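Undergrad: Take this structure first; my questions come after.
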Amino acid sequence: MGNVFGPVPSRRLGNSLGINLTPLKTCNYSCVYCQLGKTTNFTNERKEYIPTEEIIEELNETITKTQIPIDYITFVGDGEPTLHSGIGEIIKWIREKYGDKYKIAVVTNGSLFYLEEVRKDLKNVDVILPSIDAPDEKKYKLINRPIMKIEYKKVLEGLKMFVKEFKGKVWIEIMLIKGLNDSREDIDKIAEIIKSIDPIPEKVFINVPVRPPVEKWVRIPEQKSILYALKTIPNSSSIAFREEGEFDISRYSNSYEAILDITLKHPLRIEQAKKIISEFNENTEIVVNKLIKALKIVEYDNEKYLIKW
Ligand code: SF4
């Protein structure tokens, strides 16, 4: 249990019911801006990290119980979802049971589209949200820190191959980081990469590390870099702001349990945690004191966050 979460408010997907397919930090990248902590299971192996049956059962139960309308069922979570070899089967199950009632999205680092099996698994989703953060191979290694064998060239070729055949929407996400990929030269190169994708992605989200990153030196770029990116990169819009909205807490019996579970996937601002506590009509001081023992408080960008790692 605990592999399906939410619906949680998402800056791009409204109320998103999240599906996590891997144990914490199972990824073939170790991005400097990751909000989930260090990559502890650094792998490029596709396998059934969590039994597919178990995920489907949990998904079924959560969809039946949730009281918040679902905009998207989203594959996102504790690692790279396309590393799970059962993702195609889960997508098939959602389609067979619900048809087009729910939109399906996959938030992915986009690294595995060079594999035909991954392209096949994802071909029936509504939206894919792959990342393109690097202007070139060298910066790819610095920002995304992929497992040895992966080359940026191969990653981009795979993505282009998928997009050519894909009937759904492609929304790229670019994480701009101060001093790493926010210079005019780097933004120009990223823009060229986006333009070389055919058809050109419907949306390109310009993001910044709004939540505490794994590497403490990671910084939010200056506004002028964000504006230059918006001017230069086709179909771009900014998501460089904090998300607002409600968390679905209906399946939790108390605020402590809810906050612990949510922070497993999602660093929470103290004010968001307090709001959850007030919704359970519990004593804020008592719950916060208990939370401090189980979680870390990290100050980042003038905000205090509760995080699990
Ligand atoms: S940000 Fe995503 S792709 Fe990068 S290390 Fe974290 S989980 Fe992996």
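If you're wondering about the labels, chains in the structure tokens are A, B, ... by order shown, residues count from 1 in each chain, ligands from 1 in order shown.
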Can you list, as a PyMOL selection string, every protein, DNA or RNA residue that comes within 7 Å of A:Asn41 when you count only C-alpha atoms, leaving out same-chain residues fewer than 5 positions away?
TA: chain A and resi 25-27
Undergrad: Could I get the residues of chain A with an atom no further than 9 Å from an atom of ligand 1, each paired with its nearest atom pair and that distance in Å to one decimal, using only C-alpha atoms and all ligand atoms, sorted by chain and residue number, as a Markdown table?
TA:
```
| residue | atom | partner | partner_atom_place_in_ligand_line | distance |
| --- | --- | --- | --- | --- |
| A:Leu24 | CA | ligand 1 | 7 (S) | 8.9 |
| A:Lys25 | CA | ligand 1 | 7 (S) | 6.2 |
| A:Thr26 | CA | ligand 1 | 7 (S) | 7.3 |
| A:Cys27 | CA | ligand 1 | 8 (Fe) | 4.8 |
| A:Asn28 | CA | ligand 1 | 8 (Fe) | 6.4 |
| A:Tyr29 | CA | ligand 1 | 5 (S) | 4.5 |
| A:Ser30 | CA | ligand 1 | 5 (S) | 3.8 |
| A:Cys31 | CA | ligand 1 | 4 (Fe) | 4.1 |
| A:Val32 | CA | ligand 1 | 5 (S) | 7.4 |
| A:Tyr33 | CA | ligand 1 | 1 (S) | 6.4 |
| A:Cys34 | CA | ligand 1 | 1 (S) | 4.0 |
| A:Gln35 | CA | ligand 1 | 6 (Fe) | 6.5 |
| A:Leu36 | CA | ligand 1 | 6 (Fe) | 6.1 |
| A:Gly37 | CA | ligand 1 | 6 (Fe) | 7.5 |
| A:Lys38 | CA | ligand 1 | 5 (S) | 7.5 |
| A:Thr39 | CA | ligand 1 | 5 (S) | 6.1 |
| A:Val76 | CA | ligand 1 | 7 (S) | 8.7 |
| A:Gly77 | CA | ligand 1 | 7 (S) | 7.4 |
| A:Asp78 | CA | ligand 1 | 7 (S) | 6.2 |
| A:Gly79 | CA | ligand 1 | 7 (S) | 4.2 |
| A:Glu80 | CA | ligand 1 | 7 (S) | 5.5 |
| A:Pro81 | CA | ligand 1 | 7 (S) | 8.8 |
| A:Val107 | CA | ligand 1 | 2 (Fe) | 8.7 |
| A:Thr108 | CA | ligand 1 | 3 (S) | 7.0 |
| A:Asn109 | CA | ligand 1 | 3 (S) | 4.8 |
| A:Gly110 | CA | ligand 1 | 3 (S) | 8.4 |
| A:Ser111 | CA | ligand 1 | 3 (S) | 8.6 |
| A:Ser131 | CA | ligand 1 | 3 (S) | 8.1 |
| A:Ile143 | CA | ligand 1 | 4 (Fe) | 8.8 |
| A:Asn144 | CA | ligand 1 | 4 (Fe) | 6.1 |
| A:Arg145 | CA | ligand 1 | 5 (S) | 8.1 |
| A:Pro146 | CA | ligand 1 | 5 (S) | 8.4 |
| A:Val214 | CA | ligand 1 | 6 (Fe) | 8.8 |
```
Undergrad: What's around stretch 166-168 of chain A at 8 Å? Count only C-alpha atoms, leave out sequence neighbours fewer than 6 positions away in its own chain, and write the answer as a PyMOL selection string.
TA: chain A and resi 123-128
Undergrad: Could you check how far atom CA of A:Glu257 sits from atom CA of A:Thr74, in Å to one decimal?
TA: 22.6 Å
Undergrad: What does the distance from atom CA of A:Leu176 to atom CA of A:Lys296 come to in Å, to one decimal?
TA: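 Between atom CA of A:Leu176 and atom CA of A:Lys296 the gap is 25.7 Å.
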Undergrad: Can you list every residue in stretch 76-162 of chain A that DSSP puts in strand (DSSP E), as a PyMOL selection string?
TA: chain A and resi 103-108+127-130
Undergrad: Please produce a file of those selected residues containing N, CA and C atoms, as a PDB file, in the first residue's frame.
TA:
```pdb
ATOM      1  N   LYS A 103      -8.038  11.073 -17.717  1.00  0.00           N
ATOM      2  CA  LYS A 103      -6.871  11.274 -18.566  1.00  0.00           C
ATOM      3  C   LYS A 103      -5.664  10.659 -17.870  1.00  0.00           C
ATOM      4  N   ILE A 104      -4.758  10.138 -18.671  1.00  0.00           N
ATOM      5  CA  ILE A 104      -3.555   9.511 -18.095  1.00  0.00           C
ATOM      6  C   ILE A 104      -2.328  10.324 -18.492  1.00  0.00           C
ATOM      7  N   ALA A 105      -1.500  10.612 -17.487  1.00  0.00           N
ATOM      8  CA  ALA A 105      -0.261  11.369 -17.747  1.00  0.00           C
ATOM      9  C   ALA A 105       0.935  10.595 -17.200  1.00  0.00           C
ATOM     10  N   VAL A 106       2.062  10.745 -17.851  1.00  0.00           N
ATOM     11  CA  VAL A 106       3.296  10.125 -17.346  1.00  0.00           C
ATOM     12  C   VAL A 106       4.368  11.207 -17.217  1.00  0.00           C
ATOM     13  N   VAL A 107       4.781  11.427 -15.978  1.00  0.00           N
ATOM     14  CA  VAL A 107       5.874  12.376 -15.736  1.00  0.00           C
ATOM     15  C   VAL A 107       7.161  11.552 -15.727  1.00  0.00           C
ATOM     16  N   THR A 108       8.005  11.807 -16.699  1.00  0.00           N
ATOM     17  CA  THR A 108       9.177  10.948 -16.876  1.00  0.00           C
ATOM     18  C   THR A 108      10.420  11.784 -17.151  1.00  0.00           C
ATOM     19  N   VAL A 127      -1.030  12.272 -22.097  1.00  0.00           N
ATOM     20  CA  VAL A 127       0.037  13.272 -22.044  1.00  0.00           C
ATOM     21  C   VAL A 127       1.325  12.640 -21.540  1.00  0.00           C
ATOM     22  N   ILE A 128       2.432  12.971 -22.170  1.00  0.00           N
ATOM     23  CA  ILE A 128       3.721  12.631 -21.550  1.00  0.00           C
ATOM     24  C   ILE A 128       4.422  13.947 -21.203  1.00  0.00           C
ATOM     25  N   LEU A 129       5.080  13.908 -20.058  1.00  0.00           N
ATOM     26  CA  LEU A 129       5.783  15.111 -19.598  1.00  0.00           C
ATOM     27  C   LEU A 129       7.261  14.787 -19.373  1.00  0.00           C
ATOM     28  N   PRO A 130       8.027  14.724 -20.449  1.00  0.00           N
ATOM     29  CA  PRO A 130       9.453  14.416 -20.292  1.00  0.00           C
ATOM     30  C   PRO A 130      10.281  15.669 -19.974  1.00  0.00           C
TER      31      PRO A 130
END
```
